[in-house]
>>> print(open('my_file.cif').read())   # mmCIF, C-alpha atoms
data_upload
loop_
_atom_site.label_atom_id
_atom_site.label_comp_id
_atom_site.auth_asym_id
_atom_site.auth_seq_id
_atom_site.Cartn_x
_atom_site.Cartn_y
_atom_site.Cartn_z
CA MET V 25 7.65 2.29 -1.04
CA SER V 26 8.80 -0.50 1.13
CA GLY V 27 12.50 -0.95 1.51
CA SER V 28 11.72 -4.34 3.06
CA SER V 29 9.95 -5.32 -0.17
CA SER V 30 12.76 -4.23 -2.48
CA GLN V 31 13.96 -7.76 -3.14
CA TYR V 32 10.42 -8.99 -3.70
CA PHE V 33 8.99 -11.93 -5.46
CA LYS V 34 10.67 -13.64 -8.36
CA SER V 35 8.42 -16.59 -9.20
CA GLU V 36 5.12 -15.93 -10.93
CA LYS V 37 2.08 -18.08 -10.07
CA SER V 38 -1.59 -17.46 -10.53
CA ASP V 39 -3.36 -19.54 -7.90
CA LEU V 40 -4.69 -18.94 -4.42
CA THR V 41 -4.07 -21.06 -1.37
CA ASN V 42 -7.06 -23.16 -0.30
CA ARG V 43 -6.10 -24.24 3.18
CA GLU V 44 -9.02 -26.61 3.53
CA ASN V 45 -7.52 -29.06 1.03
CA ASP V 46 -3.95 -27.74 1.20
CA VAL V 47 -3.74 -27.51 -2.59
CA GLN V 48 -3.46 -24.70 -5.09
CA VAL V 49 -6.79 -23.70 -6.60
CA PRO V 50 -7.09 -21.75 -9.89
CA LEU V 51 -8.37 -18.19 -9.67
CA SER V 52 -11.37 -19.10 -11.77
CA SER V 53 -12.47 -21.52 -9.05
CA ILE V 54 -11.81 -19.16 -6.16
CA GLU V 55 -13.97 -16.46 -7.71
CA HIS V 56 -16.95 -18.69 -6.86
CA ASP V 57 -15.55 -19.92 -3.56
CA ASN V 58 -15.60 -17.47 -0.66
CA ARG V 59 -14.16 -19.77 1.98
CA ILE V 60 -12.02 -18.01 4.57
CA GLU V 61 -8.90 -19.25 6.29
CA TYR V 62 -9.47 -18.84 10.00
CA SER V 63 -6.71 -18.22 12.48
CA SER V 64 -5.91 -21.33 14.45
CA ALA V 65 -5.75 -19.26 17.67
CA CYS V 66 -9.44 -18.67 18.30
CA LYS V 67 -12.53 -17.26 16.68
CA ASP V 68 -13.17 -13.55 16.09
CA THR V 69 -15.26 -12.34 19.03
CA THR V 70 -16.09 -8.88 17.65
CA LEU V 71 -19.62 -8.57 16.28
CA GLU V 72 -19.46 -8.35 12.50
CA ALA V 73 -22.33 -5.84 12.52
CA ASP V 74 -20.16 -3.41 14.50
CA LYS V 75 -17.37 -3.36 11.93
CA GLU V 76 -16.94 -1.83 8.52
CA LYS V 77 -16.25 -3.98 5.48
CA ALA V 78 -12.53 -3.45 5.92
CA VAL V 79 -9.35 -5.52 5.83
CA ILE V 80 -5.68 -5.35 6.75
CA VAL V 81 -3.63 -5.99 3.58
CA VAL V 82 -0.06 -7.28 3.76
CA LEU V 83 2.31 -8.05 0.86
CA VAL V 84 5.05 -10.23 2.34
CA ARG V 85 7.57 -13.00 1.67
CA ASN V 86 8.05 -16.21 3.61
CA ASN V 87 11.54 -15.13 4.69
CA GLU V 88 10.13 -11.98 6.30
CA LEU V 89 8.39 -13.98 9.00
CA VAL V 90 10.34 -12.57 11.96
CA PRO V 91 9.82 -8.85 11.17
CA MET V 92 6.23 -9.65 10.15
CA ARG V 93 5.48 -11.25 13.51
CA ARG V 94 7.00 -8.30 15.33
CA THR V 95 4.86 -5.87 13.34
CA ILE V 96 1.68 -7.90 13.86
CA ARG V 97 2.39 -8.05 17.59
CA GLU V 98 2.61 -4.24 17.73
CA PHE V 99 -0.36 -3.76 15.43
CA GLU V 100 -2.51 -6.08 17.51
CA ASP V 101 -1.43 -4.51 20.79
CA ARG V 102 -1.97 -0.96 19.58
CA PHE V 103 -5.18 -1.47 17.60
CA ASN V 104 -6.52 -4.70 16.24
CA ARG V 105 -6.96 -6.77 19.40
CA LYS V 106 -9.78 -4.32 20.19
CA PHE V 107 -11.42 -4.51 16.74
CA ASN V 108 -10.40 -7.83 15.16
CA TYR V 109 -10.40 -6.72 11.55
CA PRO V 110 -9.45 -9.54 9.16
CA TYR V 111 -6.10 -9.89 7.43
CA VAL V 112 -5.21 -10.76 3.84
CA PHE V 113 -1.59 -11.83 3.34
CA LEU V 114 -0.38 -11.91 -0.26
CA ASN V 115 2.71 -13.53 -1.79
CA ASP V 116 3.67 -14.67 -5.29
CA GLU V 117 4.79 -18.02 -3.91
CA PRO V 118 2.78 -20.37 -1.69
CA PHE V 119 3.04 -19.46 1.96
CA THR V 120 4.78 -22.14 3.97
CA GLU V 121 2.93 -23.93 6.74
CA GLU V 122 5.47 -22.46 9.15
CA PHE V 123 4.61 -18.94 8.02
CA LYS V 124 0.88 -19.51 8.21
CA SER V 125 0.90 -21.09 11.66
CA ALA V 126 3.40 -18.56 13.06
CA ILE V 127 1.23 -15.66 11.88
CA SER V 128 -2.08 -17.26 12.88
CA VAL V 129 -1.13 -17.48 16.56
CA MET V 130 -0.52 -13.72 16.68
CA THR V 131 -4.16 -12.70 16.28
CA ASN V 132 -7.75 -13.74 16.97
CA ALA V 133 -8.85 -12.17 13.68
CA LYS V 134 -9.72 -14.05 10.52
CA ILE V 135 -6.83 -14.57 8.10
CA LYS V 136 -6.63 -15.34 4.40
CA PHE V 137 -3.39 -16.30 2.65
CA GLY V 138 -3.34 -15.75 -1.11
CA LEU V 139 -1.09 -15.87 -4.15
CA VAL V 140 -0.51 -13.01 -6.54
CA PRO V 141 -1.49 -14.18 -10.03
CA LYS V 142 0.95 -13.92 -12.90
CA SER V 143 -1.26 -11.40 -14.67
CA MET V 144 -0.65 -9.00 -11.78
CA TRP V 145 3.09 -9.61 -11.49
CA SER V 146 4.71 -9.80 -14.93
CA VAL V 147 6.05 -7.61 -17.71
CA PRO V 148 3.12 -6.73 -20.00
CA ASP V 149 3.34 -7.47 -23.73
CA HIS V 150 3.51 -3.80 -24.71
CA VAL V 151 6.81 -3.29 -22.86
CA ASN V 152 9.97 -3.74 -24.94
CA GLU V 153 12.06 -5.96 -22.71
CA THR V 154 15.31 -5.10 -24.49
CA ILE V 155 14.80 -1.41 -23.73
CA MET V 156 13.61 -2.28 -20.24
CA HIS V 157 16.80 -4.17 -19.37
CA GLU V 158 18.92 -1.38 -20.82
CA GLN V 159 17.09 1.05 -18.56
CA LEU V 160 17.48 -1.21 -15.54
CA GLN V 161 21.21 -1.34 -16.15
CA ASP V 162 21.42 2.42 -16.61
CA TYR V 163 19.47 3.11 -13.40
CA GLY V 164 21.64 0.63 -11.55
CA ASN V 165 24.86 2.15 -12.90
CA ARG V 166 23.73 5.58 -11.71
CA GLY V 167 23.24 4.24 -8.19
CA ILE V 168 19.54 5.17 -7.99
CA MET V 169 17.76 3.40 -5.14
CA TYR V 170 16.21 0.15 -6.43
CA GLY V 171 17.00 1.45 -9.91
CA GLY V 172 18.25 -1.88 -11.21
CA SER V 173 15.56 -4.00 -9.59
CA LEU V 174 12.88 -5.58 -11.76
CA SER V 175 11.11 -7.11 -8.75
CA TYR V 176 10.76 -3.66 -7.18
CA ARG V 177 9.03 -2.47 -10.34
CA HIS V 178 6.67 -5.43 -10.25
CA MET V 179 5.80 -4.51 -6.66
CA CYS V 180 5.14 -0.86 -7.53
CA ARG V 181 2.99 -1.74 -10.53
CA PHE V 182 1.04 -4.32 -8.49
CA ASN V 183 0.34 -1.81 -5.72
CA SER V 184 -0.56 0.86 -8.27
CA GLY V 185 -3.00 -1.05 -10.41
CA PHE V 186 -3.78 -4.54 -9.20
CA PHE V 187 -3.88 -5.21 -5.46
CA TYR V 188 -7.43 -3.87 -5.15
CA ARG V 189 -8.52 -6.26 -7.94
CA HIS V 190 -7.24 -9.35 -6.16
CA PRO V 191 -10.20 -11.72 -5.57
CA LEU V 192 -9.50 -11.95 -1.85
CA LEU V 193 -10.32 -8.25 -1.47
CA ASP V 194 -13.60 -8.33 -3.40
CA GLU V 195 -15.82 -8.31 -0.30
CA TYR V 196 -14.21 -5.25 1.31
CA ASP V 197 -14.70 -1.49 0.99
CA TYR V 198 -11.71 -0.20 2.99
CA TYR V 199 -8.17 -1.39 3.67
CA TRP V 200 -5.20 -0.63 5.91
CA ARG V 201 -1.87 -1.43 4.31
CA VAL V 202 0.74 -2.89 6.67
CA GLU V 203 4.27 -4.04 5.81
CA PRO V 204 6.75 -6.31 7.61
CA GLY V 205 9.14 -4.52 9.92
CA VAL V 206 7.14 -1.33 10.46
CA SER V 207 6.39 -0.06 13.97
CA PHE V 208 3.32 1.44 15.63
CA TYR V 209 3.82 3.72 18.62
CA CYS V 210 0.39 4.87 19.79
CA ASP V 211 -2.69 3.13 21.20
CA LEU V 212 -5.63 3.66 18.87
CA ASP V 213 -8.93 3.45 20.71
CA TYR V 214 -11.28 4.32 17.85
CA ASP V 215 -12.05 2.61 14.56
CA PRO V 216 -10.32 4.51 11.70
CA PHE V 217 -12.49 2.75 9.13
CA LYS V 218 -15.65 4.05 10.79
CA PHE V 219 -14.02 7.47 10.98
CA MET V 220 -13.32 7.36 7.23
CA LYS V 221 -16.86 6.31 6.36
CA GLU V 222 -18.67 8.67 8.72
CA ASN V 223 -16.60 11.67 7.66
CA GLY V 224 -16.53 11.09 3.93
CA LYS V 225 -12.80 10.36 3.81
CA GLU V 226 -11.35 8.39 0.93
CA TYR V 227 -7.60 8.41 1.61
CA GLY V 228 -5.60 8.52 4.86
CA PHE V 229 -1.85 8.89 5.41
CA THR V 230 0.64 9.53 8.17
CA ILE V 231 3.99 10.31 6.44
CA THR V 232 4.79 12.52 3.44
CA LEU V 233 8.13 12.48 1.62
CA GLN V 234 9.75 13.79 -1.54
CA GLU V 235 10.49 11.35 -4.34
CA ILE V 236 13.87 10.91 -6.06
CA PRO V 237 13.43 13.04 -9.21
CA GLN V 238 15.39 10.66 -11.47
CA THR V 239 12.87 7.88 -10.88
CA ILE V 240 9.90 9.74 -12.38
CA PRO V 241 11.19 12.10 -15.12
CA THR V 242 7.94 11.99 -17.14
CA LEU V 243 5.23 11.07 -14.63
CA TRP V 244 4.06 14.62 -13.90
CA GLU V 245 3.94 15.42 -17.62
CA HIS V 246 1.80 12.34 -18.31
CA THR V 247 -0.47 13.13 -15.35
CA ILE V 248 -1.11 16.68 -16.52
CA LYS V 249 -1.77 15.40 -20.04
CA PHE V 250 -4.29 12.89 -18.70
CA ALA V 251 -6.02 15.55 -16.60
CA HIS V 252 -6.33 17.83 -19.62
CA GLN V 253 -7.66 15.05 -21.84
CA ARG V 254 -10.31 14.25 -19.23
CA GLU V 255 -11.00 17.96 -18.57
CA LEU V 256 -10.67 17.30 -14.85
CA ASN V 257 -11.51 20.17 -12.54
CA THR V 258 -8.98 19.31 -9.86
CA THR V 259 -8.70 21.11 -6.54
CA LEU V 260 -6.04 19.11 -4.70
CA LEU V 261 -3.54 18.46 -7.52
CA LYS V 262 -2.26 22.03 -7.31
CA PHE V 263 -0.72 21.21 -3.93
CA PHE V 264 1.66 18.84 -5.72
CA GLY V 265 2.74 21.32 -8.36
CA ASP V 266 1.56 23.20 -11.42
CA PRO V 267 2.02 22.99 -15.23
CA ILE V 268 4.68 25.73 -15.18
CA GLY V 269 6.66 25.02 -12.03
CA GLY V 270 6.27 21.25 -12.32
CA TYR V 271 5.95 18.59 -9.64
CA ASN V 272 7.29 19.37 -6.15
CA MET V 273 8.04 15.64 -5.60
CA CYS V 274 5.89 15.43 -2.46
CA HIS V 275 3.73 12.37 -1.97
CA TYR V 276 1.93 10.32 0.65
CA TRP V 277 4.17 7.43 1.63
CA SER V 278 2.01 4.50 0.68
CA ASN V 279 3.54 1.82 2.88
CA PHE V 280 0.98 3.25 5.31
CA GLU V 281 -2.46 3.73 3.77
CA ILE V 282 -5.95 3.64 5.19
CA ALA V 283 -8.18 4.15 2.19
CA SER V 284 -11.27 3.26 0.24
CA LEU V 285 -10.86 0.35 -2.15
CA ASN V 286 -13.59 1.89 -4.26
CA LEU V 287 -11.35 4.89 -4.93
CA TRP V 288 -9.02 2.63 -6.91
CA ARG V 289 -11.85 0.52 -8.34
CA SER V 290 -13.44 3.60 -9.90
CA GLU V 291 -13.49 4.00 -13.67
CA GLU V 292 -11.56 7.26 -13.46
CA TYR V 293 -8.69 5.78 -11.47
CA GLN V 294 -8.57 2.64 -13.59
CA SER V 295 -8.39 4.81 -16.70
CA TYR V 296 -5.53 6.79 -15.16
CA PHE V 297 -3.60 3.62 -14.27
CA ASP V 298 -4.20 2.10 -17.71
CA TYR V 299 -3.01 5.34 -19.33
CA LEU V 300 0.18 5.31 -17.26
CA ASP V 301 0.72 1.59 -17.75
CA GLN V 302 0.60 1.88 -21.54
CA THR V 303 3.62 4.19 -21.45
CA GLY V 304 5.75 1.33 -20.16
CA ASN V 305 7.37 3.65 -17.65
CA PHE V 306 6.72 1.51 -14.63
CA PHE V 307 9.60 -0.45 -16.19
CA TYR V 308 11.51 2.05 -18.35
CA GLU V 309 11.61 4.54 -15.48
CA ARG V 310 10.94 3.61 -11.83
CA TRP V 311 7.47 4.87 -11.08
CA GLY V 312 6.29 4.10 -7.57
CA ASP V 313 2.79 3.42 -6.28
CA ALA V 314 3.12 6.17 -3.67
CA ILE V 315 3.44 8.81 -6.40
CA VAL V 316 0.68 7.32 -8.52
CA HIS V 317 -1.74 7.14 -5.58
CA SER V 318 -0.86 10.67 -4.47
CA LEU V 319 -1.36 12.26 -7.87
CA ALA V 320 -4.58 10.29 -8.35
CA ALA V 321 -5.85 11.62 -5.03
CA GLY V 322 -4.91 15.08 -6.27
CA MET V 323 -6.98 14.65 -9.41
CA PHE V 324 -10.02 12.79 -8.11
CA LEU V 325 -10.49 13.90 -4.51
CA ASN V 326 -11.29 17.11 -2.71
CA LYS V 327 -9.07 18.28 0.11
CA SER V 328 -11.76 17.33 2.64
CA GLN V 329 -11.62 13.68 1.48
CA VAL V 330 -7.95 13.22 2.45
CA HIS V 331 -7.07 12.73 6.11
CA PHE V 332 -3.79 13.05 8.00
CA PHE V 333 -3.78 10.46 10.81
CA ASP V 334 -1.74 12.64 13.12
CA ASP V 335 -2.56 10.43 16.10
CA ILE V 336 -1.13 7.20 14.65
CA GLY V 337 2.53 6.87 15.58
CA TYR V 338 4.30 4.98 12.80
CA ARG V 339 7.79 4.13 11.56
CA HIS V 340 9.11 2.67 8.31
CA ASP V 341 12.87 2.32 8.03
CA ASN V 342 14.38 5.54 9.41
CA PHE V 343 11.33 7.69 8.78
CA ALA V 344 8.60 8.10 11.33
CA HIS V 345 5.69 10.21 12.46
CA CYS V 346 4.86 10.36 16.17
CA VAL V 347 3.36 13.05 18.39
CA ASP V 348 4.83 12.96 21.89
CA ASP V 349 1.80 13.30 24.14
CA GLY V 350 3.71 13.08 27.42
CA VAL V 351 4.35 10.48 30.08
CA HIS V 352 0.63 9.93 30.64
CA GLY V 353 -0.22 9.79 26.94
CA LYS V 354 -0.93 6.92 24.56
CA CYS V 355 2.28 7.16 22.49
CA MET V 356 5.79 5.84 23.05
CA CYS V 357 7.69 7.80 20.41
CA PRO V 358 11.14 6.60 19.31
CA THR V 359 14.36 8.27 20.36
CA GLY V 360 17.75 8.52 18.70
CA LYS V 361 18.36 8.20 14.96
CA VAL V 362 14.76 7.61 13.97
CA SER V 363 13.43 10.60 15.91
CA SER V 364 15.55 13.04 13.90
CA PHE V 365 13.52 12.21 10.79
CA ILE V 366 10.12 12.67 12.38
CA THR V 367 9.51 16.39 11.81
CA TYR V 368 11.72 17.31 8.83
CA PHE V 369 9.63 15.80 6.07
CA TYR V 370 6.41 16.68 7.84
CA TYR V 371 7.15 20.38 7.48
CA LEU V 372 8.61 19.91 4.02
CA CYS V 373 5.61 18.27 2.38
CA ILE V 374 2.62 18.35 4.70
CA HIS V 375 1.38 21.59 3.10
CA ALA V 376 0.54 19.50 0.06
CA SER V 377 -2.10 17.67 2.02
CA ARG V 378 -3.71 20.13 4.43
#
>>> encode(input="my_file.cif", output="structure tokens")
Amino acid sequence: MSGSSSQYFKSEKSDLTNRENDVQVPLSSIEHDNRIEYSSACKDTTLEADKEKAVIVVLVRNNELVPMRRTIREFEDRFNRKFNYPYVFLNDEPFTEEFKSAISVMTNAKIKFGLVPKSMWSVPDHVNETIMHEQLQDYGNRGIMYGGSLSYRHMCRFNSGFFYRHPLLDEYDYYWRVEPGVSFYCDLDYDPFKFMKENGKEYGFTITLQEIPQTIPTLWEHTIKFAHQRELNTTLLKFFGDPIGGYNMCHYWSNFEIASLNLWRSEEYQSYFDYLDQTGNFFYERWGDAIVHSLAAGMFLNKSQVHFFDDIGYRHDNFAHCVDDGVHGKCMCPTGKVSSFITYFYYLCIHASR
């Protein structure tokens, strides 16, 4: 989960930005309007035929412009200036002209700016809001990270069950999730989307962590129940726990994901999300999208379909993964406080994924 996104959106709108007319256009209109917002810098010079149907997805606020620009600068320098994959920036409020122009000059790639619709960022009718607010207060009183935040729960639910259904992603098969303020440490000279497609990979990660147990007291129980109801013959889920010993709390940290959109669009994943959503525990508890995606991968994928991008140096907050390949290598790994976190969680949880 993104610490930078913890104070996320508060207003709820359901339109997309149509830059051509500089007005807000209803979703129903956009579904039949595939116009793209082009970067004002210059046109994409990479042949479309050479690229996969892939996109860089960013959920960001207007006031995160400075860390977003810094991240895009690193991302472009390390990878995307060579491949020019398009970006989709999402926000629940209209992006300011300042934000759009300041981001557009950072890349030659195509850019779309869109709004998150209310249906993807609101408390559903089946959730008892009185109980929800009592739970928020209880989590906050216990000092659990983001425990009292409703906006954080909206973010987690959106990333769990809705981002891949946003109309601006309809034309794509793969995505790379990027967040404001993250860092990239290694030059990447190959196309990870082509690697995913050519090698039958569905989900890619670079950091694994353990979740705070108090945030997901019933998620493993519900997941096992769903798997039994569907009579799923899982091979990867056992790496995350078992019915007797329970969940080991390990998960792929989803602020970095390179994955197939069709994995989440599948009937089996949508059924899993809908099953979880009906419990109300995205709000009563504090279920995160990283856990949901990880357990779904455990149920629906084989081990060979999950890939550890060991060669992508990456940092989010104080946690990082980076392989020091020497003074003549392609990585500039961090030193100091951040570096002390690089290996600990790798050895703690990586067995769940290899």
>>> resolve_selection(input="my_file.cif", expression="the PyMOL selection byres ((chain V and resi 214-228) around 8)", output="list in words")
Lys75, Glu76, Ala78, Phe107, Tyr198, Leu212, Asp213, Phe229, Thr230, Glu281, Ile282, Ala283, Ser284, Leu287, Ala321, Leu325, Ser328, Gln329, Val330, His331, Phe332 and Phe333 of chain V
>>> resolve_selection(input="my_file.cif", expression="the PyMOL selection byres ((chain V and resi 175-180) around 12)", output="ChimeraX atom specification")
/V:25-36,83-84,114-116,140-148,156,160,169-174,181-187,239,278-279,297,301,304-317
>>> axis_aligned_box(input="my_file.cif", around="range 172-188 of chain V", padding_each_side="6 Å", output="JSON")
{"center_x": 5.4, "center_y": -3.1, "center_z": -8.5, "size_x": 37.7, "size_y": 20.0, "size_z": 18.6}
>>> closest_residue(input="my_file.cif", among="V:Glu195, V:Asp334, V:Glu203, V:Asp101", to="Thr131 in chain V", atoms="all atoms listed in the file")
V:Asp101
>>> atom_distance(input="my_file.cif", atom1="CA of Arg254 in chain V", atom2="CA of Leu319 in chain V")
14.6 Å
>>> atom_distance(input="my_file.cif", atom1="CA of Gly337 in chain V", atom2="CA of Trp200 in chain V")
14.5 Å
>>> closest_residue(input="my_file.cif", among="V:Tyr199, V:Phe99, V:Phe343, V:Phe263", to="Lys327 in chain V", atoms="all atoms listed in the file")
V:Phe263
>>> atom_distance(input="my_file.cif", atom1="CA of Lys136 in chain V", atom2="CA of His190 in chain V")
12.2 Å
>>> residues_around(input="my_file.cif", residues="Arg94 in chain V", least_positions_apart="4", cutoff="7 Å", atoms="all atoms listed in the file", output="PDB file with C-alpha atoms, in the frame of the given file")
ATOM      1  CA  VAL V  90      10.340 -12.570  11.960  1.00  0.00           C
ATOM      2  CA  GLU V  98       2.610  -4.240  17.730  1.00  0.00           C
ATOM      3  CA  GLY V 205       9.140  -4.520   9.920  1.00  0.00           C
TER       4      GLY V 205
END
>>> residues_near_point(input="my_file.cif", point="(1.9, -21.1, -1.4)", cutoff="7 Å", atoms="all atoms listed in the file", output="PDB file with C-alpha atoms, keeping the file's coordinate frame")
ATOM      1  CA  THR V  41      -4.070 -21.060  -1.370  1.00  0.00           C
ATOM      2  CA  GLU V 117       4.790 -18.020  -3.910  1.00  0.00           C
ATOM      3  CA  PRO V 118       2.780 -20.370  -1.690  1.00  0.00           C
ATOM      4  CA  PHE V 119       3.040 -19.460   1.960  1.00  0.00           C
ATOM      5  CA  THR V 120       4.780 -22.140   3.970  1.00  0.00           C
ATOM      6  CA  LEU V 139      -1.090 -15.870  -4.150  1.00  0.00           C
TER       7      LEU V 139
END
>>> closest_residue(input="my_file.cif", among="V:Cys274, V:Val202, V:Val151, V:Leu300", to="Lys262 in chain V", atoms="all atoms listed in the file")
V:Cys274
>>> closest_residue(input="my_file.cif", among="V:Pro91, V:Val82, V:Ala126, V:Asp149", to="Phe113 in chain V", atoms="only C-alpha atoms")
V:Val82
>>> closest_residue(input="my_file.cif", among="V:Glu121, V:Leu233, V:Ser128, V:His157", to="Ala344 in chain V", atoms="all atoms listed in the file")
V:Leu233
>>> decode(input="my_file.cif", residues="range 90-114 of chain V", atoms="N, CA and C atoms", output="CSV table (one decimal), in the first residue's frame")
chain,number,residue,atom,x,y,z
V,90,VAL,N,5.1,17.4,-7.1
V,90,VAL,CA,6.6,17.4,-7.0
V,90,VAL,C,7.2,16.0,-6.9
V,91,PRO,N,6.7,15.2,-5.9
V,91,PRO,CA,7.2,13.8,-5.9
V,91,PRO,C,6.8,13.0,-7.2
V,92,MET,N,5.7,13.4,-7.8
V,92,MET,CA,5.3,12.7,-9.0
V,92,MET,C,6.3,13.0,-10.2
V,93,ARG,N,6.7,14.2,-10.3
V,93,ARG,CA,7.6,14.6,-11.3
V,93,ARG,C,9.0,13.9,-11.1
V,94,ARG,N,9.4,13.9,-9.8
V,94,ARG,CA,10.7,13.2,-9.5
V,94,ARG,C,10.6,11.8,-9.9
V,95,THR,N,9.5,11.1,-9.6
V,95,THR,CA,9.4,9.7,-9.9
V,95,THR,C,9.4,9.5,-11.5
V,96,ILE,N,8.6,10.3,-12.2
V,96,ILE,CA,8.5,10.2,-13.6
V,96,ILE,C,9.9,10.4,-14.3
V,97,ARG,N,10.6,11.4,-13.7
V,97,ARG,CA,12.0,11.6,-14.3
V,97,ARG,C,12.8,10.4,-14.1
V,98,GLU,N,12.8,9.7,-13.0
V,98,GLU,CA,13.6,8.5,-12.8
V,98,GLU,C,13.1,7.4,-13.7
V,99,PHE,N,11.7,7.2,-13.7
V,99,PHE,CA,11.1,6.1,-14.5
V,99,PHE,C,11.5,6.3,-16.0
V,100,GLU,N,11.4,7.5,-16.5
V,100,GLU,CA,11.7,7.8,-17.9
V,100,GLU,C,13.2,7.5,-18.1
V,101,ASP,N,14.1,8.0,-17.2
V,101,ASP,CA,15.5,7.8,-17.4
V,101,ASP,C,15.9,6.3,-17.4
V,102,ARG,N,15.3,5.6,-16.5
V,102,ARG,CA,15.7,4.2,-16.3
V,102,ARG,C,15.0,3.2,-17.3
V,103,PHE,N,13.8,3.6,-17.8
V,103,PHE,CA,13.1,2.7,-18.6
V,103,PHE,C,12.4,3.3,-19.8
V,104,ASN,N,11.4,4.2,-19.5
V,104,ASN,CA,10.4,4.5,-20.5
V,104,ASN,C,10.8,5.4,-21.6
V,105,ARG,N,11.9,6.1,-21.5
V,105,ARG,CA,12.4,6.9,-22.6
V,105,ARG,C,12.8,6.0,-23.8
V,106,LYS,N,13.1,4.8,-23.5
V,106,LYS,CA,13.5,3.8,-24.5
V,106,LYS,C,12.3,3.1,-25.1
V,107,PHE,N,11.2,3.1,-24.4
V,107,PHE,CA,10.0,2.3,-24.9
V,107,PHE,C,8.7,3.1,-25.1
V,108,ASN,N,8.6,4.3,-24.5
V,108,ASN,CA,7.5,5.2,-24.6
V,108,ASN,C,6.1,4.5,-24.5
V,109,TYR,N,6.0,3.8,-23.4
V,109,TYR,CA,4.7,3.2,-23.1
V,109,TYR,C,3.8,4.4,-22.6
V,110,PRO,N,2.5,4.3,-22.9
V,110,PRO,CA,1.6,5.4,-22.5
V,110,PRO,C,1.3,5.4,-21.0
V,111,TYR,N,0.9,6.5,-20.5
V,111,TYR,CA,0.5,6.7,-19.1
V,111,TYR,C,-1.0,7.0,-18.9
V,112,VAL,N,-1.6,6.5,-17.9
V,112,VAL,CA,-2.9,6.9,-17.4
V,112,VAL,C,-2.8,7.4,-16.0
V,113,PHE,N,-3.1,8.6,-15.8
V,113,PHE,CA,-3.1,9.2,-14.4
V,113,PHE,C,-4.6,9.4,-14.0
V,114,LEU,N,-4.8,8.9,-12.8
V,114,LEU,CA,-6.2,8.9,-12.2
V,114,LEU,C,-6.3,9.7,-11.0
